[in-house]
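K.L.:
Just passing along the structure, written as structure tokens.
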Amino acid sequence: MQLKTLLAAIPVRQIIGTLDRTVESIAYDSRRVQRNGLFVALRGEKTDGHEFIGRAIEKGASVIVAEREERNPRVTCLIVESTRTALADFSAAFYGHPARRLKLAAVTGTNGKTTTTFLIKHICERAGLRCGLIGTVRYEIGERILPAIRTTPESLDLQELLAQIANAGCKAAAMEVSSHALAQDRVRGLEWNVAVFTNLTQDHLDFHETMKSYFDSKTKLFTGLGNQKKKRKPVAIVNIDDRYGEQLLDKIDKRVAIVTYGMGMRADFRASNYRVEFSGTSYQLDAHGKSYLVRLPLIGRFNVANSVAALATANALGIGLREAVFSLGKSPHVHGRLELVPARRQYQVFVDYAHTPDALGNVLKTLRELEPHRLIAVFGCGGDRDRQKRPLMAEMADRHADYSIITSDNPRKEDPDAIVAEIEKGFLSTRYKKIVDRAEAIGHAIALAQPRDIVLIAGKGHENYQEFADYTIPFDDIQVARRAIEDHPVEF
């Protein structure tokens, strides 16, 4: 693509050098720069891309995008106000604005994003609307499945994924949008048909510092809907049962259609009379003046909320509600989300991604509804992340589990023993044990299990690794649990 063409709709403060250049690729990592490439110097949390401009030029970059003046006769330098917004703009233009060819559904919130996007994709596909998926567990492009690097990729990677989704024949995409992505303009320029707010509970305060800042980042997704140029009115779907959802309603532009969901009487899409069993959940849905019986092969009150959000989203995308409700009966189980570890035993073992106090509490309450003899929880907290939630996680386990084992999650650069000690402060009872080695902790919990007990292994869900200070090891909670179950003698 010609640099002049790329610059047509992108504001630049200063241009140093010729515009007579062809841009063959874009990179924000100097190690990935190619000949005749454009390199964008991003300021990150730990490193500054401006320090790698020289390396990018050596690798063959012919255009540099920076926030400060760089003069080198070998390249053209474009000085911009923000390299993050510039990266988003350049990436969209370079890939031909692929989002314009798709119906886009965004899902944001602390909990429920992954399951909700999976359900949206499932309903769309069953209705004949081919749908891509971008989220925490994986990326789905037509028939291809790619491992997810981030919940919401950097803007360059995101635009490339959307181009691949559109080129694969998809007409829609369901996408998790994280607060980090919103704060860092990774989804800048995307125009949404539907945006969903699931909830907001304490998480990511290592990045946002305050709940207000965290909420403000989420709010950006919805305040921008009114300025979109799409012909059809965008739809904001908001969980009215959540107090932050209530606050969000006042911030949404009148040019945006609002649909609320929840279990309260004021919800436009209202769930009631839900019943939880090992095989799944059923509930009554009231919407548009009609009632529907919804059967879902996922368990839990929180999955009722996730499925209602998905139904409201699919309906906003033009799919008939009766058809959408019927399709939920065949919904896929999401890897690592309250996943039952298969075993012929008289006790059950579940693995879940719950890594916030609210998520852990919700999962434990759901499992309590299955009336186990005892509920045993195994959990930890990640290192280099929000330390304030550690004792809060313990409070939830202390309140809702019969016995808990505190262990490591992903310690990263922190001392695992120190993390466990901070978690321990939240326990008021003595119904817990500390076992720092996660495999040993899982094995111990399963060894304790007796008939009609339930063991919950929380925190890592779908992850297949454990991250330490200087190394990462393969680690899959489900596989570790399977091995431990084989060694546990309680059988039918």
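Following the order of the structure tokens, chains are lettered A, B, ..., residues in each are numbered from 1, and ligands are numbered from 1.
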Which residues of segment 244-354 of chain A sit at most 10 Å from segment 368-378 of chain A, using only C-alpha atoms? Give each one's shortest atom pair and distance in Å (one decimal place), in chain and ascending residue order, as JSON lines.

P.N.:
```
{"residue": "A:Arg275", "atom": "CA", "partner": "A:Glu369", "partner_atom": "CA", "distance": 9.2}
{"residue": "A:Val276", "atom": "CA", "partner": "A:Glu369", "partner_atom": "CA", "distance": 7.1}
{"residue": "A:Glu277", "atom": "CA", "partner": "A:Leu370", "partner_atom": "CA", "distance": 6.4}
{"residue": "A:Phe278", "atom": "CA", "partner": "A:Leu370", "partner_atom": "CA", "distance": 7.1}
{"residue": "A:Ile299", "atom": "CA", "partner": "A:Leu370", "partner_atom": "CA", "distance": 9.6}
{"residue": "A:Gly300", "atom": "CA", "partner": "A:Glu369", "partner_atom": "CA", "distance": 8.6}
{"residue": "A:Arg301", "atom": "CA", "partner": "A:Glu369", "partner_atom": "CA", "distance": 9.8}
{"residue": "A:Tyr347", "atom": "CA", "partner": "A:Pro372", "partner_atom": "CA", "distance": 8.7}
{"residue": "A:Gln348", "atom": "CA", "partner": "A:Pro372", "partner_atom": "CA", "distance": 9.1}
{"residue": "A:Val349", "atom": "CA", "partner": "A:Ile376", "partner_atom": "CA", "distance": 9.4}
{"residue": "A:Phe350", "atom": "CA", "partner": "A:Ala377", "partner_atom": "CA", "distance": 9.7}
{"residue": "A:Val351", "atom": "CA", "partner": "A:Val378", "partner_atom": "CA", "distance": 9.6}
```

K.L.:
Excluding same-chain residues fewer than 6 positions from segment 87-101 of chain A, what lies within 8 Å of it counting only C-alpha atoms, as a count of residues only?

P.N.:
21

K.L.:
Just list the residues in segment 78-119 of chain A DSSP gives helix (DSSP H, G or I) on the backbone, as number ranges by chain.

P.N.:
A: 83-94, 98-101, 113-119

K.L.:
Taking 2 positions as the minimum chain separation for residues in the same chain, which residues sit within 9 Å of Val294 of chain A when counting only C-alpha atoms? Answer as a ChimeraX atom specification.

P.N.:
/A:281-285,292,296,325-326,328-329

K.L.:
Would you mind exporting the chosen residues as a JSON list (two decimals), in the first residue's frame, restricted to N, CA and C atoms?

P.N.:
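again39.json written:
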```json
[["chain", "number", "residue", "atom", "x", "y", "z"],
["A", 281, "THR", "N", -29.21, -26.45, 33.19],
["A", 281, "THR", "CA", -30.08, -25.48, 33.84],
["A", 281, "THR", "C", -31.29, -25.20, 32.96],
["A", 282, "SER", "N", -32.44, -25.00, 33.56],
["A", 282, "SER", "CA", -33.62, -24.57, 32.82],
["A", 282, "SER", "C", -34.18, -23.32, 33.50],
["A", 283, "TYR", "N", -34.84, -22.48, 32.71],
["A", 283, "TYR", "CA", -35.45, -21.27, 33.27],
["A", 283, "TYR", "C", -36.51, -20.73, 32.32],
["A", 284, "GLN", "N", -37.30, -19.82, 32.83],
["A", 284, "GLN", "CA", -38.31, -19.15, 32.01],
["A", 284, "GLN", "C", -37.77, -17.81, 31.55],
["A", 285, "LEU", "N", -37.87, -17.55, 30.25],
["A", 285, "LEU", "CA", -37.47, -16.26, 29.69],
["A", 285, "LEU", "C", -38.71, -15.49, 29.27],
["A", 292, "TYR", "N", -40.78, -18.08, 27.21],
["A", 292, "TYR", "CA", -40.11, -19.22, 26.58],
["A", 292, "TYR", "C", -39.50, -20.07, 27.69],
["A", 296, "LEU", "N", -30.59, -25.28, 29.02],
["A", 296, "LEU", "CA", -29.18, -24.96, 28.76],
["A", 296, "LEU", "C", -28.31, -26.06, 29.37],
["A", 325, "VAL", "N", -33.62, -19.54, 21.24],
["A", 325, "VAL", "CA", -33.89, -20.31, 22.45],
["A", 325, "VAL", "C", -33.72, -21.80, 22.18],
["A", 326, "PHE", "N", -34.27, -22.25, 21.08],
["A", 326, "PHE", "CA", -34.17, -23.67, 20.73],
["A", 326, "PHE", "C", -32.71, -24.11, 20.55],
["A", 328, "LEU", "N", -30.10, -23.04, 22.03],
["A", 328, "LEU", "CA", -29.32, -23.09, 23.28],
["A", 328, "LEU", "C", -29.29, -24.49, 23.89],
["A", 329, "GLY", "N", -30.28, -25.30, 23.56],
["A", 329, "GLY", "CA", -30.30, -26.66, 24.09],
["A", 329, "GLY", "C", -29.12, -27.50, 23.66]]
```

K.L.:
Which one is closest to Leu3 of chain A: A:Val308, A:Ile457, A:Ile64, A:Leu42? Count only C-alpha atoms.

P.N.:
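Closest residue, counting only C-alpha atoms: A:Ile64.
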
K.L.:
Excluding same-chain residues fewer than 6 positions from Ala148 of chain A, what lies within 8 Å of it counting only C-alpha atoms, as JSON, numbers by chain?

P.N.:
{"A": [134, 135, 136, 137, 138, 139]}

K.L.:
Go ahead and compute the interatomic distance for atom CA of Arg243 of chain A and atom CA of Gly109 of chain A, in Å to one decimal.

P.N.:
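Interatomic distance, atom CA of Arg243 of chain A to atom CA of Gly109 of chain A: 12.4 Å.
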
K.L.:
Enumerate, as a VMD selection string, the complete set of residues in segment 373-448 of chain A that a backbone-based DSSP assignment places in strand (DSSP E).

P.N.:
chain A and resid 375 to 379 403 to 406 432 to 434

K.L.:
From the list A:Lys434, A:His180, A:Lys231, A:Arg74, which residue is nearest Phe207 of chain A when using only C-alpha atoms?

P.N.:
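Closest residue, counting only C-alpha atoms: A:His180.
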
K.L.:
Which residue is closest to Arg337 of chain A? Choose from A:Asp352, A:Asp253, A:Asp241, A:Glu424 and count only C-alpha atoms.

P.N.:
A:Asp352

K.L.:
State, in Å with one decimal place, the distance from atom CA of Glu81 of chain A to atom CA of Arg43 of chain A.

P.N.:
12.1 Å

K.L.:
In Å, with one decimal, what is the gap from atom CA of Ile57 of chain A to atom CA of Thr18 of chain A?

P.N.:
15.6 Å

K.L.:
Find the spatial neighbours of Lys121 of chain A, counting only C-alpha atoms, within a cut-off of 7 Å - ignore same-chain residues fewer than 2 positions away - and output them as a PDB file with C-alpha atoms, in the first residue's frame.

P.N.:
```pdb
ATOM      1  CA  THR A 117     -19.370 -14.885  23.331  1.00  0.00           C
ATOM      2  CA  PHE A 118     -19.315 -18.663  22.835  1.00  0.00           C
ATOM      3  CA  LEU A 119     -23.102 -18.746  23.168  1.00  0.00           C
ATOM      4  CA  ILE A 123     -26.705 -19.224  18.214  1.00  0.00           C
ATOM      5  CA  CYS A 124     -25.500 -17.353  15.121  1.00  0.00           C
ATOM      6  CA  GLU A 125     -24.036 -20.473  13.539  1.00  0.00           C
ATOM      7  CA  CYS A 131     -19.599 -16.105  13.033  1.00  0.00           C
ATOM      8  CA  LEU A 133     -14.835 -15.609  17.692  1.00  0.00           C
ATOM      9  CA  ALA A 174     -18.430 -12.184  18.619  1.00  0.00           C
TER      10      ALA A 174
END
```

K.L.:
Pick the closest to Ala310 of chain A from A:Val23, A:Ala66, A:Val196, A:Val235: which is it, counting only C-alpha atoms?

P.N.:
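Smallest distance to Ala310 of chain A is found for A:Val196.
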
K.L.:
Within 12 Å of Ile16 of chain A, counting only C-alpha atoms, which residues qualify if same-chain residues fewer than 2 places away don't, as an NGL selection string?

P.N.:
:A and (12-14 or 18-20 or 62-66 or 68-80)

K.L.:
Within 7 Å of Phe197 of chain A, counting only C-alpha atoms, which residues show up once you throw out same-chain ones fewer than 6 positions away? Write them as an NGL selection string, please.

P.N.:
:A and (107-109 or 237-239 or 245)

K.L.:
From the options A:Gly60, A:Gly49, A:Gly169, A:Pro342, which residue's atoms come nearest to Gly132 of chain A, counting only C-alpha atoms?

P.N.:
A:Gly169

K.L.:
Of the candidates A:Ala359, A:Leu392, A:Ile240, A:Ala314, which one gets nearest to His122 of chain A if we count only C-alpha atoms?

P.N.:
A:Ala314
